[in-house]
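The file query10.cif comes next; it holds mmCIF, N, CA and C atoms.
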data_data
loop_
_atom_site.label_atom_id
_atom_site.label_comp_id
_atom_site.auth_asym_id
_atom_site.auth_seq_id
_atom_site.Cartn_x
_atom_site.Cartn_y
_atom_site.Cartn_z
N MET A 11 -7.05 -1.65 1.40
CA MET A 11 -6.68 -0.27 1.56
C MET A 11 -6.28 0.31 0.20
N THR A 12 -6.82 1.44 -0.13
CA THR A 12 -6.50 2.08 -1.39
C THR A 12 -5.11 2.71 -1.32
N ILE A 13 -4.40 2.63 -2.41
CA ILE A 13 -3.10 3.29 -2.53
C ILE A 13 -3.36 4.68 -3.07
N LEU A 14 -2.79 5.69 -2.45
CA LEU A 14 -3.01 7.09 -2.85
C LEU A 14 -1.70 7.73 -3.27
N LEU A 15 -1.79 8.59 -4.28
CA LEU A 15 -0.65 9.39 -4.72
C LEU A 15 -1.10 10.84 -4.75
N THR A 16 -0.38 11.69 -4.00
CA THR A 16 -0.78 13.09 -3.86
C THR A 16 0.34 14.00 -4.33
N TYR A 17 -0.05 15.00 -5.14
CA TYR A 17 0.88 16.03 -5.57
C TYR A 17 0.19 17.38 -5.49
N ASN A 18 0.79 18.30 -4.77
CA ASN A 18 0.33 19.68 -4.71
C ASN A 18 -1.16 19.78 -4.36
N GLY A 19 -1.61 18.97 -3.40
CA GLY A 19 -3.00 19.01 -2.95
C GLY A 19 -3.97 18.17 -3.77
N THR A 20 -3.53 17.59 -4.87
CA THR A 20 -4.39 16.75 -5.70
C THR A 20 -4.04 15.29 -5.42
N THR A 21 -5.06 14.52 -5.05
CA THR A 21 -4.86 13.10 -4.73
C THR A 21 -5.49 12.23 -5.79
N THR A 22 -4.74 11.25 -6.24
CA THR A 22 -5.22 10.26 -7.19
C THR A 22 -5.25 8.91 -6.49
N ALA A 23 -6.41 8.27 -6.51
CA ALA A 23 -6.54 6.93 -5.92
C ALA A 23 -6.06 5.90 -6.94
N LEU A 24 -5.14 5.06 -6.49
CA LEU A 24 -4.63 3.98 -7.32
C LEU A 24 -5.22 2.67 -6.80
N SER A 25 -5.20 1.67 -7.61
CA SER A 25 -5.76 0.39 -7.21
C SER A 25 -4.97 -0.23 -6.05
N ASP A 26 -5.68 -0.82 -5.11
CA ASP A 26 -5.02 -1.53 -4.02
C ASP A 26 -4.47 -2.88 -4.49
N ARG A 27 -4.64 -3.19 -5.76
CA ARG A 27 -4.13 -4.44 -6.32
C ARG A 27 -2.76 -4.27 -6.97
N LEU A 28 -2.20 -3.06 -6.91
CA LEU A 28 -0.82 -2.87 -7.36
C LEU A 28 0.09 -3.70 -6.46
N GLN A 29 1.05 -4.36 -7.05
CA GLN A 29 1.98 -5.19 -6.29
C GLN A 29 3.25 -4.41 -6.00
N TRP A 30 3.66 -4.38 -4.74
CA TRP A 30 4.90 -3.73 -4.33
C TRP A 30 6.01 -4.76 -4.50
N LEU A 31 6.69 -4.70 -5.63
CA LEU A 31 7.62 -5.75 -6.03
C LEU A 31 8.89 -5.82 -5.18
N ASP A 32 9.38 -4.69 -4.73
CA ASP A 32 10.68 -4.67 -4.03
C ASP A 32 10.55 -4.27 -2.55
N GLU A 33 9.42 -4.59 -1.96
CA GLU A 33 9.17 -4.18 -0.57
C GLU A 33 10.25 -4.67 0.38
N TYR A 34 10.75 -5.88 0.18
CA TYR A 34 11.74 -6.43 1.09
C TYR A 34 13.11 -6.62 0.43
N ASP A 35 13.34 -5.92 -0.67
CA ASP A 35 14.64 -6.01 -1.36
C ASP A 35 15.64 -4.98 -0.86
N TRP A 36 15.21 -4.03 -0.06
CA TRP A 36 16.05 -2.90 0.33
C TRP A 36 16.45 -3.04 1.79
N SER A 37 17.65 -2.62 2.08
CA SER A 37 18.12 -2.58 3.46
C SER A 37 18.59 -1.17 3.78
N PRO A 38 18.27 -0.66 4.97
CA PRO A 38 18.74 0.68 5.33
C PRO A 38 20.23 0.69 5.70
N VAL A 39 20.85 -0.47 5.76
CA VAL A 39 22.26 -0.56 6.11
C VAL A 39 23.10 -0.67 4.84
N GLU A 40 24.11 0.17 4.75
CA GLU A 40 25.06 0.11 3.63
C GLU A 40 26.37 -0.41 4.19
N GLN A 41 26.95 -1.34 3.48
CA GLN A 41 28.21 -1.93 3.94
C GLN A 41 29.14 -2.14 2.76
N SER A 42 30.40 -1.80 2.98
CA SER A 42 31.41 -2.11 1.97
C SER A 42 32.60 -2.77 2.69
N THR A 43 33.21 -3.67 1.97
CA THR A 43 34.37 -4.36 2.54
C THR A 43 35.50 -4.36 1.52
N GLU A 44 36.70 -4.33 2.04
CA GLU A 44 37.89 -4.47 1.20
C GLU A 44 39.05 -4.89 2.10
N PHE A 45 40.11 -5.32 1.47
CA PHE A 45 41.28 -5.73 2.25
C PHE A 45 42.34 -4.65 2.20
N SER A 46 42.99 -4.44 3.32
CA SER A 46 44.08 -3.46 3.37
C SER A 46 45.31 -4.08 2.73
N THR A 47 46.34 -3.27 2.61
CA THR A 47 47.59 -3.77 2.03
C THR A 47 48.27 -4.80 2.94
N THR A 48 47.85 -4.85 4.21
CA THR A 48 48.40 -5.85 5.12
C THR A 48 47.57 -7.14 5.11
N GLY A 49 46.44 -7.13 4.38
CA GLY A 49 45.58 -8.30 4.33
C GLY A 49 44.44 -8.28 5.33
N ALA A 50 44.36 -7.25 6.16
CA ALA A 50 43.27 -7.15 7.14
C ALA A 50 41.97 -6.77 6.42
N LEU A 51 40.87 -7.29 6.91
CA LEU A 51 39.57 -6.95 6.36
C LEU A 51 39.11 -5.61 6.92
N LEU A 52 38.79 -4.68 6.03
CA LEU A 52 38.27 -3.37 6.42
C LEU A 52 36.77 -3.35 6.10
N VAL A 53 35.97 -3.03 7.09
CA VAL A 53 34.52 -3.01 6.93
C VAL A 53 34.02 -1.61 7.28
N ASP A 54 33.25 -1.02 6.37
CA ASP A 54 32.64 0.28 6.60
C ASP A 54 31.13 0.08 6.57
N VAL A 55 30.44 0.47 7.65
CA VAL A 55 29.00 0.27 7.77
C VAL A 55 28.35 1.60 8.14
N ALA A 56 27.22 1.91 7.49
CA ALA A 56 26.49 3.15 7.78
C ALA A 56 25.01 2.96 7.46
N MET A 57 24.19 3.83 8.04
CA MET A 57 22.76 3.83 7.74
C MET A 57 22.50 4.75 6.56
N LYS A 58 21.70 4.30 5.63
CA LYS A 58 21.32 5.12 4.49
C LYS A 58 20.37 6.22 4.96
N GLN A 59 20.48 7.38 4.37
CA GLN A 59 19.64 8.51 4.73
C GLN A 59 18.32 8.50 3.96
N ALA A 60 18.32 7.98 2.73
CA ALA A 60 17.13 7.98 1.87
C ALA A 60 17.42 7.08 0.67
N GLY A 61 16.45 7.02 -0.23
CA GLY A 61 16.69 6.34 -1.50
C GLY A 61 16.09 4.96 -1.62
N ARG A 62 15.18 4.58 -0.74
CA ARG A 62 14.55 3.27 -0.86
C ARG A 62 13.73 3.22 -2.15
N PRO A 63 13.99 2.24 -3.01
CA PRO A 63 13.18 2.11 -4.21
C PRO A 63 11.81 1.50 -3.87
N ILE A 64 10.77 2.03 -4.50
CA ILE A 64 9.43 1.49 -4.37
C ILE A 64 8.91 1.28 -5.79
N THR A 65 8.71 0.02 -6.15
CA THR A 65 8.18 -0.32 -7.47
C THR A 65 6.81 -0.93 -7.29
N LEU A 66 5.80 -0.27 -7.87
CA LEU A 66 4.43 -0.76 -7.84
C LEU A 66 4.04 -1.14 -9.26
N GLU A 67 3.52 -2.34 -9.42
CA GLU A 67 3.21 -2.83 -10.76
C GLU A 67 1.82 -3.43 -10.81
N GLY A 68 1.12 -3.12 -11.88
CA GLY A 68 -0.17 -3.75 -12.12
C GLY A 68 0.03 -5.09 -12.80
N LEU A 69 -0.91 -5.96 -12.59
CA LEU A 69 -0.88 -7.28 -13.21
C LEU A 69 -1.88 -7.31 -14.36
N GLU A 70 -1.80 -8.33 -15.19
CA GLU A 70 -2.68 -8.41 -16.36
C GLU A 70 -4.15 -8.37 -16.01
N THR A 71 -4.53 -8.87 -14.86
CA THR A 71 -5.94 -8.92 -14.50
C THR A 71 -6.29 -8.01 -13.32
N ALA A 72 -5.39 -7.13 -12.94
CA ALA A 72 -5.65 -6.29 -11.77
C ALA A 72 -4.92 -4.96 -11.87
N ALA A 73 -5.42 -3.98 -11.12
CA ALA A 73 -4.77 -2.67 -10.95
C ALA A 73 -4.79 -1.82 -12.21
N TRP A 74 -5.78 -1.96 -13.02
CA TRP A 74 -5.87 -1.16 -14.23
C TRP A 74 -6.19 0.30 -13.90
N LEU A 75 -5.69 1.20 -14.75
CA LEU A 75 -6.00 2.63 -14.65
C LEU A 75 -6.58 3.09 -15.98
N THR A 76 -7.42 4.12 -15.92
CA THR A 76 -7.96 4.67 -17.16
C THR A 76 -6.90 5.54 -17.85
N ARG A 77 -7.10 5.75 -19.13
CA ARG A 77 -6.19 6.61 -19.89
C ARG A 77 -6.17 8.02 -19.30
N ALA A 78 -7.30 8.51 -18.82
CA ALA A 78 -7.36 9.86 -18.23
C ALA A 78 -6.45 9.95 -17.01
N VAL A 79 -6.47 8.94 -16.14
CA VAL A 79 -5.59 8.93 -14.97
C VAL A 79 -4.13 8.82 -15.41
N CYS A 80 -3.87 7.98 -16.40
CA CYS A 80 -2.49 7.84 -16.92
C CYS A 80 -1.97 9.16 -17.48
N ASP A 81 -2.84 9.91 -18.15
CA ASP A 81 -2.43 11.22 -18.67
C ASP A 81 -1.99 12.14 -17.54
N THR A 82 -2.74 12.15 -16.44
CA THR A 82 -2.38 12.97 -15.27
C THR A 82 -1.05 12.53 -14.69
N LEU A 83 -0.90 11.22 -14.50
CA LEU A 83 0.33 10.69 -13.92
C LEU A 83 1.54 10.93 -14.81
N GLN A 84 1.35 10.81 -16.11
CA GLN A 84 2.44 11.09 -17.06
C GLN A 84 2.85 12.55 -16.99
N ALA A 85 1.87 13.44 -16.84
CA ALA A 85 2.18 14.87 -16.70
C ALA A 85 2.96 15.13 -15.41
N TRP A 86 2.57 14.48 -14.32
CA TRP A 86 3.31 14.62 -13.07
C TRP A 86 4.73 14.10 -13.23
N ALA A 87 4.88 12.95 -13.86
CA ALA A 87 6.21 12.34 -14.03
C ALA A 87 7.12 13.21 -14.90
N ALA A 88 6.54 14.06 -15.72
CA ALA A 88 7.33 14.93 -16.61
C ALA A 88 7.83 16.19 -15.89
N LEU A 89 7.41 16.40 -14.65
CA LEU A 89 7.87 17.56 -13.88
C LEU A 89 9.14 17.20 -13.13
N PRO A 90 10.27 17.82 -13.46
CA PRO A 90 11.53 17.43 -12.83
C PRO A 90 11.55 17.68 -11.34
N GLY A 91 11.91 16.65 -10.59
CA GLY A 91 12.14 16.78 -9.16
C GLY A 91 10.93 16.97 -8.28
N ILE A 92 9.73 16.70 -8.77
CA ILE A 92 8.56 16.92 -7.91
C ILE A 92 8.53 15.91 -6.78
N GLU A 93 8.02 16.36 -5.65
CA GLU A 93 7.84 15.48 -4.49
C GLU A 93 6.38 15.11 -4.40
N LEU A 94 6.12 13.85 -4.14
CA LEU A 94 4.76 13.35 -4.01
C LEU A 94 4.63 12.65 -2.67
N THR A 95 3.40 12.44 -2.25
CA THR A 95 3.13 11.61 -1.08
C THR A 95 2.45 10.35 -1.57
N LEU A 96 3.09 9.23 -1.33
CA LEU A 96 2.55 7.92 -1.68
C LEU A 96 2.08 7.27 -0.39
N THR A 97 0.80 6.93 -0.33
CA THR A 97 0.27 6.22 0.82
C THR A 97 0.05 4.77 0.41
N VAL A 98 0.88 3.90 0.96
CA VAL A 98 0.80 2.48 0.65
C VAL A 98 0.94 1.71 1.96
N ARG A 99 0.17 0.66 2.13
CA ARG A 99 0.12 -0.12 3.38
C ARG A 99 -0.30 0.78 4.55
N GLY A 100 -1.08 1.84 4.25
CA GLY A 100 -1.59 2.74 5.27
C GLY A 100 -0.59 3.76 5.77
N MET A 101 0.62 3.80 5.17
CA MET A 101 1.66 4.71 5.63
C MET A 101 2.02 5.72 4.53
N PRO A 102 1.94 7.02 4.83
CA PRO A 102 2.37 8.01 3.84
C PRO A 102 3.89 8.06 3.75
N ARG A 103 4.38 8.17 2.53
CA ARG A 103 5.82 8.22 2.28
C ARG A 103 6.10 9.35 1.29
N ALA A 104 7.14 10.14 1.57
CA ALA A 104 7.58 11.18 0.64
C ALA A 104 8.41 10.51 -0.44
N VAL A 105 8.00 10.66 -1.70
CA VAL A 105 8.67 9.99 -2.80
C VAL A 105 8.84 10.94 -3.97
N PHE A 106 9.66 10.52 -4.92
CA PHE A 106 9.76 11.18 -6.21
C PHE A 106 9.93 10.09 -7.27
N PHE A 107 9.58 10.40 -8.52
CA PHE A 107 9.71 9.43 -9.59
C PHE A 107 11.18 9.11 -9.82
N ASP A 108 11.50 7.83 -9.95
CA ASP A 108 12.86 7.41 -10.26
C ASP A 108 13.03 7.45 -11.78
N GLN A 109 13.45 8.62 -12.27
CA GLN A 109 13.55 8.82 -13.72
C GLN A 109 14.64 7.96 -14.35
N SER A 110 15.61 7.51 -13.57
CA SER A 110 16.65 6.66 -14.13
C SER A 110 16.10 5.28 -14.50
N ARG A 111 14.91 4.95 -13.97
CA ARG A 111 14.25 3.69 -14.29
C ARG A 111 12.88 3.91 -14.92
N LYS A 112 12.71 5.04 -15.63
CA LYS A 112 11.43 5.37 -16.27
C LYS A 112 10.32 5.42 -15.23
N GLY A 113 10.29 6.45 -14.43
CA GLY A 113 9.42 6.61 -13.27
C GLY A 113 7.99 6.13 -13.39
N PHE A 114 7.33 6.39 -14.51
CA PHE A 114 5.96 5.91 -14.70
C PHE A 114 5.82 5.41 -16.12
N THR A 115 5.30 4.22 -16.25
CA THR A 115 4.98 3.67 -17.57
C THR A 115 3.62 2.98 -17.48
N ALA A 116 2.97 2.84 -18.62
CA ALA A 116 1.68 2.16 -18.68
C ALA A 116 1.51 1.60 -20.09
N ALA A 117 0.94 0.40 -20.15
CA ALA A 117 0.68 -0.25 -21.44
C ALA A 117 -0.81 -0.56 -21.52
N PRO A 118 -1.40 -0.39 -22.70
CA PRO A 118 -2.84 -0.68 -22.82
C PRO A 118 -3.13 -2.16 -22.55
N VAL A 119 -4.26 -2.40 -21.90
CA VAL A 119 -4.68 -3.77 -21.60
C VAL A 119 -5.02 -4.49 -22.90
N TRP A 120 -5.69 -3.78 -23.80
CA TRP A 120 -6.07 -4.36 -25.10
C TRP A 120 -5.47 -3.52 -26.21
N ARG A 121 -5.08 -4.18 -27.28
CA ARG A 121 -4.60 -3.49 -28.49
C ARG A 121 -5.82 -3.03 -29.27
N LEU A 122 -5.92 -1.74 -29.47
CA LEU A 122 -7.06 -1.16 -30.17
C LEU A 122 -6.58 -0.38 -31.38
N SER A 123 -7.49 -0.12 -32.30
CA SER A 123 -7.14 0.77 -33.40
C SER A 123 -7.14 2.20 -32.87
N ASP A 124 -6.46 3.09 -33.56
CA ASP A 124 -6.24 4.45 -33.07
C ASP A 124 -7.54 5.15 -32.67
N GLY A 125 -8.58 5.01 -33.45
CA GLY A 125 -9.84 5.70 -33.17
C GLY A 125 -10.62 5.13 -32.01
N GLU A 126 -10.22 3.98 -31.49
CA GLU A 126 -10.95 3.34 -30.40
C GLU A 126 -10.47 3.77 -29.01
N TYR A 127 -9.35 4.47 -28.91
CA TYR A 127 -8.84 4.89 -27.61
C TYR A 127 -9.68 6.05 -27.08
N THR A 128 -10.11 5.95 -25.81
CA THR A 128 -10.87 7.00 -25.16
C THR A 128 -10.24 7.25 -23.79
N GLU A 129 -10.80 8.21 -23.06
CA GLU A 129 -10.31 8.47 -21.70
C GLU A 129 -10.57 7.30 -20.77
N GLU A 130 -11.47 6.39 -21.14
CA GLU A 130 -11.80 5.24 -20.30
C GLU A 130 -11.04 3.98 -20.70
N THR A 131 -10.18 4.05 -21.72
CA THR A 131 -9.36 2.90 -22.11
C THR A 131 -8.49 2.50 -20.93
N LEU A 132 -8.36 1.20 -20.70
CA LEU A 132 -7.65 0.71 -19.52
C LEU A 132 -6.19 0.38 -19.81
N TYR A 133 -5.32 0.68 -18.82
CA TYR A 133 -3.87 0.50 -18.94
C TYR A 133 -3.34 -0.24 -17.72
N LEU A 134 -2.25 -0.97 -17.93
CA LEU A 134 -1.50 -1.61 -16.86
C LEU A 134 -0.34 -0.70 -16.47
N PRO A 135 -0.34 -0.17 -15.24
CA PRO A 135 0.70 0.78 -14.85
C PRO A 135 1.89 0.13 -14.14
N THR A 136 3.01 0.81 -14.22
CA THR A 136 4.18 0.50 -13.40
C THR A 136 4.72 1.83 -12.87
N PHE A 137 4.90 1.89 -11.56
CA PHE A 137 5.45 3.08 -10.91
C PHE A 137 6.81 2.71 -10.33
N ARG A 138 7.77 3.60 -10.53
CA ARG A 138 9.09 3.43 -9.93
C ARG A 138 9.44 4.71 -9.19
N PHE A 139 9.44 4.60 -7.87
CA PHE A 139 9.71 5.75 -7.00
C PHE A 139 11.00 5.52 -6.22
N LEU A 140 11.51 6.63 -5.68
CA LEU A 140 12.55 6.60 -4.66
C LEU A 140 11.99 7.36 -3.46
N GLU A 141 12.16 6.78 -2.28
CA GLU A 141 11.68 7.42 -1.07
C GLU A 141 12.70 8.44 -0.60
N LYS A 142 12.20 9.59 -0.15
CA LYS A 142 13.09 10.65 0.34
C LYS A 142 13.54 10.36 1.75
#
This entry written out as structure tokens:
Amino acid sequence: MTILLTYNGTTTALSDRLQWLDEYDWSPVEQSTEFSTTGALLVDVAMKQAGRPITLEGLETAAWLTRAVCDTLQAWAALPGIELTLTVRGMPRAVFFDQSRKGFTAAPVWRLSDGEYTEETLYLPTFRFLEK
């Protein structure tokens, strides 16, 4: 299944080989505990309203993107507070770039001299989103 990222009616197909690194690291339950002055355990439990982190990362041999696609994604990431639709595992999710963790980054697959970079140069992407 292809991973899709949509902003303002424009959809970009991402590689289905992106790895969802933190898929099972998040819990919708928030809990805090502390002891009262009498020594009793106080437990506060609630359901989170939003904020699930979604980190998608390319690997050295998979999920490459062209420089042209990276340019588009970098431009989107530079727009403060934009909402996107990320379709991953067949489910659309309302997300935004997690700017506190550098929302979108990409590194070239090969080190080239300056004049060798083209729109078709391949990059390894990392996406860091927060779900709304």
- request: Take the point (-2.7, -0.7, -5.2) as written in the file and pick out every residue within 7 Å of it, counting only N, CA and C atoms; give the list as a ChimeraX atom specification.
  value: /A:11-14,24-29,73
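A straight line drawn from atom CA of A:Ala78 to atom C of A:Glu129 is 4.8 Å long.
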- request: Determine the residue membership of the PyMOL selection byres ((chain A and resi 92) around 7) for the file above and supply it as a PyMOL selection string.
  value: chain A and resi 89-91+93-94+105-107
task: Spell out the residues picked by the PyMOL selection byres ((chain A and resi 135) around 6) here, as a PyMOL selection string.
output: chain A and resi 66-68+73-75+115-117+133-134+136-137
message: I need the output of the PyMOL selection byres (((chain A and resi 59 and name CA) around 10) and name CA) for this file as a count of residues only; which residues are they?
response: 10
- prompt: A:Thr95, A:Val119, A:Gly113, A:Ala104: which is nearest A:Tyr17, counting only N, CA and C atoms?
  reply: A:Thr95
task: Using backbone DSSP assignments, extract all strand (DSSP E or B) residues from stretch 14-107 of chain A; output them as number ranges by chain.
output: A: 14-17, 20-24, 29-30, 39-45, 51-57, 63-67, 69, 72, 75-76, 94-98, 101-107
What would the file look like if the residues just selected were written as a compact mmCIF listing (two decimals), keeping the file's coordinate frame with N, CA and C atoms?
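Printed below is result-v1.txt as written:
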# COMPACT_ATOMS: atom_id res chain seq x y z
N LEU A 14 -2.79 5.69 -2.45
CA LEU A 14 -3.01 7.09 -2.85
C LEU A 14 -1.70 7.73 -3.27
N LEU A 15 -1.79 8.59 -4.28
CA LEU A 15 -0.65 9.39 -4.72
C LEU A 15 -1.10 10.84 -4.75
N THR A 16 -0.38 11.69 -4.00
CA THR A 16 -0.78 13.09 -3.86
C THR A 16 0.34 14.00 -4.33
N TYR A 17 -0.05 15.00 -5.14
CA TYR A 17 0.88 16.03 -5.57
C TYR A 17 0.19 17.38 -5.49
N THR A 20 -3.53 17.59 -4.87
CA THR A 20 -4.39 16.75 -5.70
C THR A 20 -4.04 15.29 -5.42
N THR A 21 -5.06 14.52 -5.05
CA THR A 21 -4.86 13.10 -4.73
C THR A 21 -5.49 12.23 -5.79
N THR A 22 -4.74 11.25 -6.24
CA THR A 22 -5.22 10.26 -7.19
C THR A 22 -5.25 8.91 -6.49
N ALA A 23 -6.41 8.27 -6.51
CA ALA A 23 -6.54 6.93 -5.92
C ALA A 23 -6.06 5.90 -6.94
N LEU A 24 -5.14 5.06 -6.49
CA LEU A 24 -4.63 3.98 -7.32
C LEU A 24 -5.22 2.67 -6.80
N GLN A 29 1.05 -4.36 -7.05
CA GLN A 29 1.98 -5.19 -6.29
C GLN A 29 3.25 -4.41 -6.00
N TRP A 30 3.66 -4.38 -4.74
CA TRP A 30 4.90 -3.73 -4.33
C TRP A 30 6.01 -4.76 -4.50
N VAL A 39 20.85 -0.47 5.76
CA VAL A 39 22.26 -0.56 6.11
C VAL A 39 23.10 -0.67 4.84
N GLU A 40 24.11 0.17 4.75
CA GLU A 40 25.06 0.11 3.63
C GLU A 40 26.37 -0.41 4.19
N GLN A 41 26.95 -1.34 3.48
CA GLN A 41 28.21 -1.93 3.94
C GLN A 41 29.14 -2.14 2.76
N SER A 42 30.40 -1.80 2.98
CA SER A 42 31.41 -2.11 1.97
C SER A 42 32.60 -2.77 2.69
N THR A 43 33.21 -3.67 1.97
CA THR A 43 34.37 -4.36 2.54
C THR A 43 35.50 -4.36 1.52
N GLU A 44 36.70 -4.33 2.04
CA GLU A 44 37.89 -4.47 1.20
C GLU A 44 39.05 -4.89 2.10
N PHE A 45 40.11 -5.32 1.47
CA PHE A 45 41.28 -5.73 2.25
C PHE A 45 42.34 -4.65 2.20
N LEU A 51 40.87 -7.29 6.91
CA LEU A 51 39.57 -6.95 6.36
C LEU A 51 39.11 -5.61 6.92
N LEU A 52 38.79 -4.68 6.03
CA LEU A 52 38.27 -3.37 6.42
C LEU A 52 36.77 -3.35 6.10
N VAL A 53 35.97 -3.03 7.09
CA VAL A 53 34.52 -3.01 6.93
C VAL A 53 34.02 -1.61 7.28
N ASP A 54 33.25 -1.02 6.37
CA ASP A 54 32.64 0.28 6.60
C ASP A 54 31.13 0.08 6.57
N VAL A 55 30.44 0.47 7.65
CA VAL A 55 29.00 0.27 7.77
C VAL A 55 28.35 1.60 8.14
N ALA A 56 27.22 1.91 7.49
CA ALA A 56 26.49 3.15 7.78
C ALA A 56 25.01 2.96 7.46
N MET A 57 24.19 3.83 8.04
CA MET A 57 22.76 3.83 7.74
C MET A 57 22.50 4.75 6.56
N PRO A 63 13.99 2.24 -3.01
CA PRO A 63 13.18 2.11 -4.21
C PRO A 63 11.81 1.50 -3.87
N ILE A 64 10.77 2.03 -4.50
CA ILE A 64 9.43 1.49 -4.37
C ILE A 64 8.91 1.28 -5.79
N THR A 65 8.71 0.02 -6.15
CA THR A 65 8.18 -0.32 -7.47
C THR A 65 6.81 -0.93 -7.29
N LEU A 66 5.80 -0.27 -7.87
CA LEU A 66 4.43 -0.76 -7.84
C LEU A 66 4.04 -1.14 -9.26
N GLU A 67 3.52 -2.34 -9.42
CA GLU A 67 3.21 -2.83 -10.76
C GLU A 67 1.82 -3.43 -10.81
N LEU A 69 -0.91 -5.96 -12.59
CA LEU A 69 -0.88 -7.28 -13.21
C LEU A 69 -1.88 -7.31 -14.36
N ALA A 72 -5.39 -7.13 -12.94
CA ALA A 72 -5.65 -6.29 -11.77
C ALA A 72 -4.92 -4.96 -11.87
N LEU A 75 -5.69 1.20 -14.75
CA LEU A 75 -6.00 2.63 -14.65
C LEU A 75 -6.58 3.09 -15.98
N THR A 76 -7.42 4.12 -15.92
CA THR A 76 -7.96 4.67 -17.16
C THR A 76 -6.90 5.54 -17.85
N LEU A 94 6.12 13.85 -4.14
CA LEU A 94 4.76 13.35 -4.01
C LEU A 94 4.63 12.65 -2.67
N THR A 95 3.40 12.44 -2.25
CA THR A 95 3.13 11.61 -1.08
C THR A 95 2.45 10.35 -1.57
N LEU A 96 3.09 9.23 -1.33
CA LEU A 96 2.55 7.92 -1.68
C LEU A 96 2.08 7.27 -0.39
N THR A 97 0.80 6.93 -0.33
CA THR A 97 0.27 6.22 0.82
C THR A 97 0.05 4.77 0.41
N VAL A 98 0.88 3.90 0.96
CA VAL A 98 0.80 2.48 0.65
C VAL A 98 0.94 1.71 1.96
N MET A 101 0.62 3.80 5.17
CA MET A 101 1.66 4.71 5.63
C MET A 101 2.02 5.72 4.53
N PRO A 102 1.94 7.02 4.83
CA PRO A 102 2.37 8.01 3.84
C PRO A 102 3.89 8.06 3.75
N ARG A 103 4.38 8.17 2.53
CA ARG A 103 5.82 8.22 2.28
C ARG A 103 6.10 9.35 1.29
N ALA A 104 7.14 10.14 1.57
CA ALA A 104 7.58 11.18 0.64
C ALA A 104 8.41 10.51 -0.44
N VAL A 105 8.00 10.66 -1.70
CA VAL A 105 8.67 9.99 -2.80
C VAL A 105 8.84 10.94 -3.97
N PHE A 106 9.66 10.52 -4.92
CA PHE A 106 9.76 11.18 -6.21
C PHE A 106 9.93 10.09 -7.27
N PHE A 107 9.58 10.40 -8.52
CA PHE A 107 9.71 9.43 -9.59
C PHE A 107 11.18 9.11 -9.82
message: If we count all atoms listed in the file and set the cut-off at 6 Å, which residues sit around A:Thr65, ignoring sequence neighbours fewer than 3 positions away in its own chain? Please answer as an MDAnalysis selection string.
response: chainID A and resid 29:32 137:139
task: Counting only N, CA and C atoms, figure out which residue out of A:Ser37, A:Gln84, A:Thr76, A:Thr20 gets nearest to A:Pro63.
output: A:Ser37
message: As an exercise, work out the distance from atom CA of A:Phe114 to atom CA of A:Ala23 in Å and give it to one decimal place.
response: 15.3 Å
task: Would you work out the distance separating atom CA of A:Val98 from atom CA of A:Val79, expressed in Å to one decimal?
output: 18.1 Å
To test the calculation: enclose all listed atoms of stretch 16-27 of chain A in a box whose edges run along x, y and z, add 6 Å on each side, then state centre and edge lengths in Å to one decimal, as lines of an AutoDock Vina configuration file.
center_x = -2.8
center_y = 7.7
center_z = -5.3
size_x = 19.4
size_y = 36.2
size_z = 16.7
task: Pick out each residue of chain A that DSSP on the backbone tags as helix (DSSP H, G or I); I need them as number ranges by chain.
output: A: 77-87, 109-111, 124-126
Just the selected residues (N, CA and C atoms), exported as a short mmCIF file (atom, residue, chain, number, x, y, z; two decimals), in the frame of the given file, please.
data_model
loop_
_atom_site.label_atom_id
_atom_site.label_comp_id
_atom_site.auth_asym_id
_atom_site.auth_seq_id
_atom_site.Cartn_x
_atom_site.Cartn_y
_atom_site.Cartn_z
N ARG A 77 -7.10 5.75 -19.13
CA ARG A 77 -6.19 6.61 -19.89
C ARG A 77 -6.17 8.02 -19.30
N ALA A 78 -7.30 8.51 -18.82
CA ALA A 78 -7.36 9.86 -18.23
C ALA A 78 -6.45 9.95 -17.01
N VAL A 79 -6.47 8.94 -16.14
CA VAL A 79 -5.59 8.93 -14.97
C VAL A 79 -4.13 8.82 -15.41
N CYS A 80 -3.87 7.98 -16.40
CA CYS A 80 -2.49 7.84 -16.92
C CYS A 80 -1.97 9.16 -17.48
N ASP A 81 -2.84 9.91 -18.15
CA ASP A 81 -2.43 11.22 -18.67
C ASP A 81 -1.99 12.14 -17.54
N THR A 82 -2.74 12.15 -16.44
CA THR A 82 -2.38 12.97 -15.27
C THR A 82 -1.05 12.53 -14.69
N LEU A 83 -0.90 11.22 -14.50
CA LEU A 83 0.33 10.69 -13.92
C LEU A 83 1.54 10.93 -14.81
N GLN A 84 1.35 10.81 -16.11
CA GLN A 84 2.44 11.09 -17.06
C GLN A 84 2.85 12.55 -16.99
N ALA A 85 1.87 13.44 -16.84
CA ALA A 85 2.18 14.87 -16.70
C ALA A 85 2.96 15.13 -15.41
N TRP A 86 2.57 14.48 -14.32
CA TRP A 86 3.31 14.62 -13.07
C TRP A 86 4.73 14.10 -13.23
N ALA A 87 4.88 12.95 -13.86
CA ALA A 87 6.21 12.34 -14.03
C ALA A 87 7.12 13.21 -14.90
N GLN A 109 13.45 8.62 -12.27
CA GLN A 109 13.55 8.82 -13.72
C GLN A 109 14.64 7.96 -14.35
N SER A 110 15.61 7.51 -13.57
CA SER A 110 16.65 6.66 -14.13
C SER A 110 16.10 5.28 -14.50
N ARG A 111 14.91 4.95 -13.97
CA ARG A 111 14.25 3.69 -14.29
C ARG A 111 12.88 3.91 -14.92
N ASP A 124 -6.46 3.09 -33.56
CA ASP A 124 -6.24 4.45 -33.07
C ASP A 124 -7.54 5.15 -32.67
N GLY A 125 -8.58 5.01 -33.45
CA GLY A 125 -9.84 5.70 -33.17
C GLY A 125 -10.62 5.13 -32.01
N GLU A 126 -10.22 3.98 -31.49
CA GLU A 126 -10.95 3.34 -30.40
C GLU A 126 -10.47 3.77 -29.01
#
field: A:Val53 environment, 10 Å, only C-alpha atoms, sequence neighbours closer than 5 positions dropped, as JSON, numbers by chain
entry: {"A": [41, 42, 43, 44, 45]}
